[in-house]
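File shown: work_9.cif. Contents: mmCIF, C-alpha atoms.
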data_target
loop_
_atom_site.label_atom_id
_atom_site.label_comp_id
_atom_site.auth_asym_id
_atom_site.auth_seq_id
_atom_site.Cartn_x
_atom_site.Cartn_y
_atom_site.Cartn_z
CA MET A 1 34.35 -0.04 19.46
CA ILE A 2 31.10 -2.01 19.25
CA LYS A 3 29.16 1.22 18.75
CA THR A 4 31.51 2.21 15.93
CA ILE A 5 31.07 -1.13 14.16
CA ALA A 6 27.29 -0.96 14.60
CA CYS A 7 27.14 2.57 13.16
CA ALA A 8 29.30 1.58 10.22
CA ALA A 9 27.11 -1.46 9.51
CA ALA A 10 23.97 0.67 9.71
CA ALA A 11 25.45 3.26 7.35
CA MET A 12 26.43 0.51 4.88
CA LEU A 13 22.93 -1.01 5.04
CA ILE A 14 21.34 2.37 4.40
CA ALA A 15 23.67 2.98 1.45
CA LEU A 16 22.95 -0.45 -0.03
CA THR A 17 19.21 0.06 0.39
CA ALA A 18 19.38 3.47 -1.29
CA THR A 19 21.41 2.01 -4.16
CA ALA A 20 18.89 -0.81 -4.63
CA GLN A 21 16.03 1.68 -4.65
CA ASP A 22 17.83 3.81 -7.23
CA ARG A 23 18.17 0.79 -9.51
CA TYR A 24 14.38 0.47 -9.57
CA THR A 25 13.60 4.18 -9.85
CA PRO A 26 12.06 4.89 -13.29
CA ILE A 27 14.37 6.71 -15.68
CA ALA A 28 13.42 10.18 -16.92
CA PRO A 29 11.27 9.64 -20.05
CA ILE A 30 11.66 11.39 -23.39
CA PRO A 31 8.88 14.04 -23.64
CA LEU A 32 6.54 12.18 -26.00
CA GLY A 33 3.22 12.24 -24.18
CA ASP A 34 0.86 9.28 -24.27
CA THR A 35 0.93 8.87 -28.08
CA LEU A 36 3.61 8.94 -30.75
CA LEU A 37 1.73 10.22 -33.83
CA THR A 38 -1.09 7.68 -33.91
CA LEU A 39 0.20 4.77 -31.84
CA PRO A 40 -0.06 4.86 -28.04
CA THR A 41 3.14 4.99 -25.97
CA SER A 42 3.95 3.32 -22.66
CA HIS A 43 3.81 6.75 -20.98
CA ILE A 44 0.95 8.42 -19.13
CA PRO A 45 0.79 11.80 -17.37
CA SER A 46 0.85 12.32 -13.63
CA GLU A 47 -2.06 11.38 -11.39
CA GLY A 48 -4.95 13.82 -11.65
CA THR A 49 -4.04 15.08 -15.13
CA TRP A 50 -6.67 15.75 -17.81
CA GLU A 51 -5.73 15.89 -21.48
CA VAL A 52 -7.61 17.21 -24.52
CA LYS A 53 -6.49 15.96 -27.94
CA PHE A 54 -7.27 17.07 -31.49
CA THR A 55 -6.12 15.16 -34.59
CA HIS A 56 -6.41 16.25 -38.24
CA ARG A 57 -5.57 14.24 -41.37
CA PHE A 58 -6.07 15.85 -44.81
CA ASN A 59 -7.78 13.44 -47.22
CA GLN A 60 -6.04 14.47 -50.44
CA SER A 61 -2.55 13.16 -51.09
CA ILE A 62 0.07 15.84 -51.82
CA ASP A 63 1.00 14.14 -55.12
CA GLN A 64 -2.60 13.73 -56.34
CA GLY A 65 -3.51 15.41 -59.62
CA SER A 66 -1.53 17.59 -61.99
CA GLY A 67 0.76 20.41 -60.90
CA SER A 68 -1.95 23.03 -61.35
CA ASP A 69 -4.43 20.83 -59.43
CA ARG A 70 -2.00 20.57 -56.52
CA ILE A 71 -1.51 24.33 -56.45
CA HIS A 72 -5.27 24.85 -56.68
CA THR A 73 -5.82 22.67 -53.60
CA LEU A 74 -2.71 23.97 -51.77
CA PHE A 75 -1.19 20.48 -51.96
CA GLY A 76 -4.11 18.93 -50.15
CA LEU A 77 -4.55 21.64 -47.52
CA ASP A 78 -7.80 22.72 -49.18
CA SER A 79 -9.28 19.19 -49.08
CA ASN A 80 -11.62 17.57 -46.61
CA ALA A 81 -10.11 15.89 -43.57
CA ASP A 82 -10.55 13.12 -41.04
CA VAL A 83 -10.59 14.70 -37.61
CA ALA A 84 -10.91 13.35 -34.09
CA LEU A 85 -11.47 14.87 -30.67
CA GLY A 86 -10.34 13.12 -27.51
CA LEU A 87 -10.33 13.48 -23.74
CA SER A 88 -8.35 11.48 -21.18
CA TYR A 89 -7.83 11.41 -17.40
CA ALA A 90 -5.27 9.71 -15.16
CA PRO A 91 -6.92 8.88 -11.80
CA HIS A 92 -3.87 6.90 -10.64
CA PRO A 93 -0.12 7.19 -11.38
CA ASP A 94 -0.27 4.05 -13.55
CA LEU A 95 -3.80 4.24 -14.99
CA GLN A 96 -5.41 6.37 -17.70
CA PHE A 97 -8.92 6.38 -19.17
CA SER A 98 -9.59 7.92 -22.58
CA PHE A 99 -12.44 8.84 -24.91
CA MET A 100 -12.11 9.74 -28.59
CA ARG A 101 -14.56 10.44 -31.39
CA SER A 102 -13.56 10.46 -35.09
CA ASN A 103 -15.63 11.56 -38.09
CA ALA A 104 -14.22 8.53 -39.97
CA LEU A 105 -17.21 6.15 -39.75
CA ASP A 106 -18.31 8.33 -36.80
CA ASP A 107 -16.15 6.10 -34.62
CA ILE A 108 -16.33 6.42 -30.82
CA GLU A 109 -13.57 4.80 -28.76
CA LEU A 110 -13.39 4.16 -25.00
CA ALA A 111 -10.11 2.82 -23.66
CA ALA A 112 -7.99 2.27 -20.57
CA LYS A 113 -4.20 2.05 -20.33
CA TYR A 114 -2.26 0.61 -17.39
CA ILE A 115 1.50 0.84 -16.84
CA VAL A 116 2.69 -2.58 -15.67
CA VAL A 117 6.37 -1.69 -15.27
CA GLN A 118 8.53 1.31 -16.07
CA GLN A 119 12.08 1.17 -17.36
CA ALA A 120 14.80 1.59 -14.74
CA ALA A 121 18.46 0.73 -14.30
CA ALA A 122 17.50 -2.80 -13.21
CA ILE A 123 14.59 -3.13 -15.68
CA PRO A 124 15.56 -2.89 -19.38
CA PHE A 125 12.11 -2.04 -20.78
CA ALA A 126 8.72 -0.50 -20.04
CA LEU A 127 5.48 -2.45 -20.39
CA ALA A 128 1.89 -1.22 -20.57
CA VAL A 129 -1.43 -2.83 -21.49
CA ARG A 130 -4.31 -1.06 -23.19
CA GLY A 131 -7.80 -2.22 -24.04
CA GLY A 132 -11.19 -0.90 -24.96
CA ALA A 133 -14.05 -0.80 -27.42
CA ASP A 134 -15.08 1.11 -30.55
CA TRP A 135 -18.60 1.89 -31.70
CA ARG A 136 -19.02 3.03 -35.32
CA THR A 137 -22.20 5.10 -35.51
CA GLU A 138 -22.29 6.05 -39.21
CA GLN A 139 -25.36 4.93 -41.19
CA ASN A 140 -25.50 1.76 -43.33
CA LEU A 141 -22.88 -0.15 -41.35
CA LYS A 142 -22.89 -3.70 -40.11
CA ASP A 143 -20.66 -5.04 -37.34
CA ARG A 144 -20.58 -1.68 -35.60
CA THR A 145 -18.72 -2.72 -32.44
CA SER A 146 -15.08 -3.75 -32.01
CA PHE A 147 -13.08 -4.73 -28.95
CA PHE A 148 -9.32 -4.44 -28.83
CA ALA A 149 -6.35 -5.32 -26.61
CA GLN A 150 -2.77 -4.08 -26.91
CA VAL A 151 0.53 -4.74 -25.21
CA ILE A 152 2.91 -1.77 -25.45
CA ILE A 153 6.59 -2.66 -25.05
CA SER A 154 9.23 0.07 -25.21
CA ARG A 155 12.92 0.50 -24.55
CA GLN A 156 14.62 3.84 -24.09
CA LEU A 157 18.13 3.96 -25.54
CA GLY A 158 20.15 6.47 -23.57
CA THR A 159 18.45 9.81 -23.04
CA ARG A 160 17.46 10.61 -26.65
CA ALA A 161 15.83 7.60 -28.31
CA GLU A 162 13.02 5.13 -27.64
CA ILE A 163 11.65 2.20 -29.64
CA PHE A 164 8.17 0.67 -29.39
CA ALA A 165 6.37 -2.55 -30.38
CA LEU A 166 2.60 -2.94 -29.97
CA PRO A 167 1.12 -6.44 -30.41
CA THR A 168 -2.56 -5.66 -31.08
CA PHE A 169 -5.73 -7.77 -31.30
CA VAL A 170 -9.05 -6.37 -32.62
CA THR A 171 -12.46 -7.93 -33.26
CA ASN A 172 -14.63 -6.98 -36.29
CA ALA A 173 -11.68 -5.26 -37.95
CA GLY A 174 -11.34 -3.72 -41.40
CA ARG A 175 -14.23 -2.88 -43.72
CA ALA A 176 -15.59 -4.55 -46.83
CA VAL A 177 -18.01 -2.47 -48.94
CA SER A 178 -21.08 -4.23 -50.33
CA GLY A 179 -23.49 -2.03 -52.30
CA THR A 180 -24.46 0.90 -50.11
CA SER A 181 -23.36 -0.70 -46.83
CA SER A 182 -20.18 -2.13 -45.34
CA GLN A 183 -19.31 -4.84 -42.87
CA ALA A 184 -16.25 -6.09 -41.02
CA LEU A 185 -13.62 -7.70 -43.20
CA PHE A 186 -12.27 -9.86 -40.35
CA ALA A 187 -13.99 -11.39 -37.33
CA HIS A 188 -10.69 -10.75 -35.57
CA ALA A 189 -7.30 -9.43 -36.65
CA THR A 190 -3.82 -9.10 -35.20
CA ASN A 191 -0.85 -6.91 -36.06
CA VAL A 192 2.34 -5.59 -34.46
CA PRO A 193 2.84 -1.89 -35.23
CA VAL A 194 6.24 -0.43 -34.32
CA GLY A 195 7.49 3.07 -33.62
CA ILE A 196 10.63 5.05 -32.89
CA ALA A 197 11.35 8.49 -31.47
CA VAL A 198 14.66 10.34 -31.51
CA MET A 199 15.05 13.60 -29.62
CA VAL A 200 17.16 15.92 -31.76
CA ARG A 201 16.88 18.94 -29.47
CA PRO A 202 15.40 19.35 -25.99
CA ALA A 203 11.65 18.66 -26.28
CA LEU A 204 11.87 18.26 -30.10
CA SER A 205 11.73 14.72 -31.51
CA ILE A 206 11.57 13.01 -34.88
CA VAL A 207 8.92 10.28 -34.70
CA GLY A 208 8.30 7.36 -37.06
CA GLU A 209 5.61 4.67 -37.16
CA LEU A 210 5.22 1.53 -39.27
CA ILE A 211 2.12 -0.69 -39.42
CA PRO A 212 2.77 -3.94 -41.33
CA LYS A 213 0.37 -5.07 -44.02
CA ASN A 214 -2.07 -7.56 -42.57
CA ARG A 215 -1.10 -10.95 -43.96
CA ASP A 216 -4.72 -12.15 -44.04
CA LEU A 217 -5.91 -9.47 -46.48
CA PRO A 218 -7.69 -10.99 -49.51
CA SER A 219 -5.56 -11.09 -52.65
CA SER A 220 -8.16 -8.90 -54.38
CA THR A 221 -7.61 -6.12 -51.84
CA LYS A 222 -4.69 -3.84 -52.63
CA GLY A 223 -3.12 -2.94 -49.34
CA ASP A 224 0.37 -1.74 -48.49
CA PHE A 225 1.86 -1.16 -45.07
CA GLY A 226 0.97 2.01 -43.17
CA TRP A 227 3.60 4.57 -42.20
CA ALA A 228 3.93 8.00 -40.63
CA LEU A 229 6.86 10.35 -40.11
CA GLY A 230 6.65 13.55 -38.14
CA LEU A 231 8.02 16.09 -35.71
CA LYS A 232 6.84 16.36 -32.09
CA ARG A 233 7.38 19.48 -30.00
CA ALA A 234 6.65 19.59 -26.28
CA ILE A 235 5.99 23.06 -24.83
CA GLY A 236 4.77 23.20 -21.26
CA GLY A 237 1.55 21.23 -21.12
CA HIS A 238 1.23 21.16 -24.93
CA TYR A 239 2.36 18.63 -27.52
CA PHE A 240 2.37 19.71 -31.16
CA GLU A 241 2.90 17.17 -33.96
CA ILE A 242 3.05 17.62 -37.72
CA MET A 243 3.41 14.61 -40.00
CA LEU A 244 3.37 12.97 -43.40
CA THR A 245 1.52 9.65 -43.61
CA ASN A 246 -0.16 7.31 -46.07
CA SER A 247 -2.94 6.50 -43.58
CA ASN A 248 -5.58 8.70 -41.96
CA SER A 249 -6.35 6.16 -39.23
CA THR A 250 -6.28 7.26 -35.58
CA MET A 251 -7.77 4.30 -33.64
CA ALA A 252 -6.80 0.68 -33.08
CA ASP A 253 -9.78 -0.74 -35.02
CA GLN A 254 -8.75 1.47 -37.97
CA TYR A 255 -5.00 0.94 -38.24
CA VAL A 256 -4.71 -2.75 -37.35
CA THR A 257 -5.70 -3.92 -40.87
CA THR A 258 -5.14 -0.66 -42.86
CA THR A 259 -8.52 -1.23 -44.61
CA TYR A 260 -10.89 0.59 -42.28
CA GLN A 261 -12.51 2.60 -45.13
CA GLY A 262 -13.08 -0.45 -47.35
CA ALA A 263 -9.93 0.01 -49.46
CA GLY A 264 -6.27 -0.77 -48.92
CA LEU A 265 -3.45 1.71 -48.52
CA ASP A 266 -0.99 2.91 -51.12
CA ARG A 267 2.48 3.27 -49.61
CA GLY A 268 3.18 6.22 -51.93
CA ASP A 269 0.33 8.42 -50.67
CA LEU A 270 1.44 11.57 -48.85
CA HIS A 271 -1.19 12.96 -46.52
CA LEU A 272 -0.39 15.93 -44.32
CA GLY A 273 -1.64 15.77 -40.74
CA PHE A 274 -1.19 17.25 -37.30
CA ASN A 275 -2.09 16.66 -33.67
CA ILE A 276 -2.52 19.10 -30.81
CA GLU A 277 -2.62 17.94 -27.18
CA ARG A 278 -3.12 20.03 -24.05
CA ARG A 279 -2.73 18.79 -20.49
CA PHE A 280 -4.41 20.29 -17.44
CA GLY A 281 -3.44 19.54 -13.86
CA ARG A 282 -0.19 18.07 -12.59
CA ARG A 283 1.04 16.90 -16.04
#

Before anything else, please render the file you have as structure tokens.
Amino acid sequence: MIKTIACAAAAMLIALTATAQDRYTPIAPIPLGDTLLTLPTSHIPSEGTWEVKFTHRFNQSIDQGSGSDRIHTLFGLDSNADVALGLSYAPHPDLQFSFMRSNALDDIELAAKYIVVQQAAAIPFALAVRGGADWRTEQNLKDRTSFFAQVIISRQLGTRAEIFALPTFVTNAGRAVSGTSSQALFAHATNVPVGIAVMVRPALSIVGELIPKNRDLPSSTKGDFGWALGLKRAIGGHYFEIMLTNSNSTMADQYVTTTYQGAGLDRGDLHLGFNIERRFGRR
């Protein structure tokens, strides 16, 4: 009898322990990769995974010029573009280092992202922190270096949707043109970009981003909010994204004020863009 009671108690303890562990087991994430379209997510790949990233933003707005002009330039597809190349590595299940270089101001970014907590049955959100530095190497620039810090908060809603908020702080942000040179518009700037992803089919998601207008912009600087809307397709170790956006920014020091090229954004601009990402290793 005593043995029976002891076995039953042990079985109950094991079941309770397994249940408690399940409540803290991370939920299966939506296949978004470590970025939405431009904004970073609270996801990183598996330990030991390398990732190569290529971003492309056409400079000409689709609605720029007359009808014949738009046809002549293939609705902006024949225009110049802001492009960036990146490389990242995850040496630990919760840590990722990244490098990216953009031809916009010849910007070089080094960053690290750490997953503090992942969403689970007992934890209603995911939390990551990201920080790093940018070095703008183009000629005739002042205030070439920026440092940034971000908190990435996300909540997955069921199995098909996820929302994001990214409180962001950047030093030497924005650009103000003076003659033939430019300098930082702000000694430091803050913003809270937000994003959403909705999976409409397995591995196919609609993604949206919104970057509020910086409230400290001078009244003489025309600047609307930044936005992007696109489709993301995950295929094996690849992520393919195509988008419409009014901003060609790709890095934190660029999008936090929406004035990284010395002029504000127009919410009505329609720039085509795309990203290609390829993972190598465990994924």

Residues selected by the PyMOL selection byres ((chain A and resi 51) around 6), written as a compact mmCIF listing (two decimals) with C-alpha atoms, keeping the file's coordinate frame:
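Okay, selection_35.txt is ready:
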# COMPACT_ATOMS: atom_id res chain seq x y z
CA TRP A 50 -6.67 15.75 -17.81
CA VAL A 52 -7.61 17.21 -24.52
CA LEU A 87 -10.33 13.48 -23.74
CA SER A 88 -8.35 11.48 -21.18
CA ARG A 278 -3.12 20.03 -24.05
CA ARG A 279 -2.73 18.79 -20.49

ask   = Taking the file as shown, what set of residues would the PyMOL selection byres ((chain A and resi 261-268) around 8) give back, as a ChimeraX atom specification?
value = /A:105,174-177,182,221-227,246-247,258-260,269-270

inquiry  = Can you measure CA of Ala111 (chain A) to CA of Gly86 (chain A) for me? One decimal in Å is fine.
reply    = 11.0 Å

message = To test your reading of the syntax: which residues would the PyMOL selection byres ((chain A and resi 195) around 6) return for the file shown? Reply as a VMD selection string.
response = chain A and resid 163 to 164 194 196 208 to 209

ask   = List as a PyMOL selection string: which residues have an atom within 10 Å of (-24.0, -3.3, -46.2), counting only C-alpha atoms?
value = chain A and resi 139-143+176-184

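Here the residues that fall within 7 Å of (-10.1, -2.2, -31.9), using all atoms listed in the file, are given as Ala133, Asp134, Ser146, Phe147, Phe148, Val170, Thr171, Ala173, Ala252 and Asp253 of chain A.
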
Keeping only C-alpha atoms, write the selected residues to a file as an mmCIF file, keeping the file's coordinate frame.
data_model
loop_
_atom_site.group_PDB
_atom_site.id
_atom_site.type_symbol
_atom_site.label_atom_id
_atom_site.label_comp_id
_atom_site.auth_asym_id
_atom_site.auth_seq_id
_atom_site.Cartn_x
_atom_site.Cartn_y
_atom_site.Cartn_z
ATOM 1 C CA ALA A 133 -14.050 -0.800 -27.420
ATOM 2 C CA ASP A 134 -15.080 1.110 -30.550
ATOM 3 C CA SER A 146 -15.080 -3.750 -32.010
ATOM 4 C CA PHE A 147 -13.080 -4.730 -28.950
ATOM 5 C CA PHE A 148 -9.320 -4.440 -28.830
ATOM 6 C CA VAL A 170 -9.050 -6.370 -32.620
ATOM 7 C CA THR A 171 -12.460 -7.930 -33.260
ATOM 8 C CA ALA A 173 -11.680 -5.260 -37.950
ATOM 9 C CA ALA A 252 -6.800 0.680 -33.080
ATOM 10 C CA ASP A 253 -9.780 -0.740 -35.020
#

request  = Mind giving me the straight-line distance from CA of Arg130 (chain A) to CA of Gly236 (chain A) in Å, one decimal?
outcome  =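 Computing it gives 26.0 Å between the two atoms.
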
inquiry  = Between CA of Phe274 (chain A) and CA of Ala90 (chain A), what distance in Å does the model show, to one decimal?
reply    = 23.7 Å

For Asn248 (chain A): contacts at 9 Å, only C-alpha atoms, fewer than 5 positions along chain excluded, given as a PyMOL selection string = chain A and resi 56-59+81-83+104+254-255+271+273

Surrounding residues of region 215-218 of chain A excluding itself and chain neighbours under 5 positions, 9 Å, only C-alpha atoms, as a PDB file with C-alpha atoms, keeping the file's coordinate frame:
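around.pdb was written with the following content:
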ATOM      1  CA  LEU A 185     -13.620  -7.700 -43.200  1.00  0.00           C
ATOM      2  CA  PHE A 186     -12.270  -9.860 -40.350  1.00  0.00           C
ATOM      3  CA  ALA A 189      -7.300  -9.430 -36.650  1.00  0.00           C
ATOM      4  CA  ASN A 191      -0.850  -6.910 -36.060  1.00  0.00           C
ATOM      5  CA  GLY A 223      -3.120  -2.940 -49.340  1.00  0.00           C
ATOM      6  CA  THR A 257      -5.700  -3.920 -40.870  1.00  0.00           C
ATOM      7  CA  THR A 259      -8.520  -1.230 -44.610  1.00  0.00           C
TER       8      THR A 259
END

request  = Tell me which of A:Pro45, A:Gly33, A:Pro167, A:Pro26 sits closest to Gly281 (chain A), counting all atoms listed in the file.
outcome  =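 Counting all atoms listed in the file, the residue closest to Gly281 (chain A) is A:Pro45.
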
Give me the residues near His92 (chain A) as an mmCIF file with C-alpha atoms, in the coordinates of the input, where near means some atom within 10 Å (using only C-alpha atoms) and where sequence neighbours in that chain fewer than 6 positions away do not count.
data_model
loop_
_atom_site.group_PDB
_atom_site.id
_atom_site.type_symbol
_atom_site.label_atom_id
_atom_site.label_comp_id
_atom_site.auth_asym_id
_atom_site.auth_seq_id
_atom_site.Cartn_x
_atom_site.Cartn_y
_atom_site.Cartn_z
ATOM 1 C CA ILE A 44 0.950 8.420 -19.130
ATOM 2 C CA PRO A 45 0.790 11.800 -17.370
ATOM 3 C CA SER A 46 0.850 12.320 -13.630
ATOM 4 C CA GLU A 47 -2.060 11.380 -11.390
ATOM 5 C CA GLY A 48 -4.950 13.820 -11.650
ATOM 6 C CA THR A 49 -4.040 15.080 -15.130
ATOM 7 C CA TYR A 114 -2.260 0.610 -17.390
#

task = Can you work out which one of A:Asn172, A:Thr55, A:Gln119, A:Gln60 has the shortest atom-to-atom distance to Ile30 (chain A), counting only C-alpha atoms?
result =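 Selected residue with least distance to Ile30 (chain A): A:Gln119.
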
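Shortest separation to Ile211 (chain A) among A:Ile115, A:Leu95, A:Leu39, A:Met100 occurs at residue A:Leu39, atoms counted being all atoms listed in the file.
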
What are the centre and edge lengths in Å, to one decimal, of the axis-aligned box around all listed atoms of region 42-45 of chain A with 8 Å added on each side, as lines of an AutoDock Vina configuration file?
center_x = 2.4
center_y = 7.6
center_z = -20.0
size_x = 19.2
size_y = 24.5
size_z = 21.3

request  = Find the residue from A:Phe280, A:Phe97, A:Phe125, A:Phe54 that sits nearest to Glu241 (chain A); use all atoms listed in the file when measuring.
outcome  =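 Closest candidate: A:Phe54.
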
Considering all atoms listed in the file, return as a CSV table (one decimal) with C-alpha atoms, in the frame of the given file whatever protein or nucleic-acid residues lie within 8 Å of Ser154 (chain A), sequence-local ones (same chain, fewer than 2 positions apart) excluded.
chain,number,residue,atom,x,y,z
A,41,THR,CA,3.1,5.0,-26.0
A,42,SER,CA,4.0,3.3,-22.7
A,125,PHE,CA,12.1,-2.0,-20.8
A,126,ALA,CA,8.7,-0.5,-20.0
A,127,LEU,CA,5.5,-2.4,-20.4
A,152,ILE,CA,2.9,-1.8,-25.4
A,156,GLN,CA,14.6,3.8,-24.1
A,162,GLU,CA,13.0,5.1,-27.6
A,163,ILE,CA,11.6,2.2,-29.6
A,164,PHE,CA,8.2,0.7,-29.4
A,165,ALA,CA,6.4,-2.6,-30.4
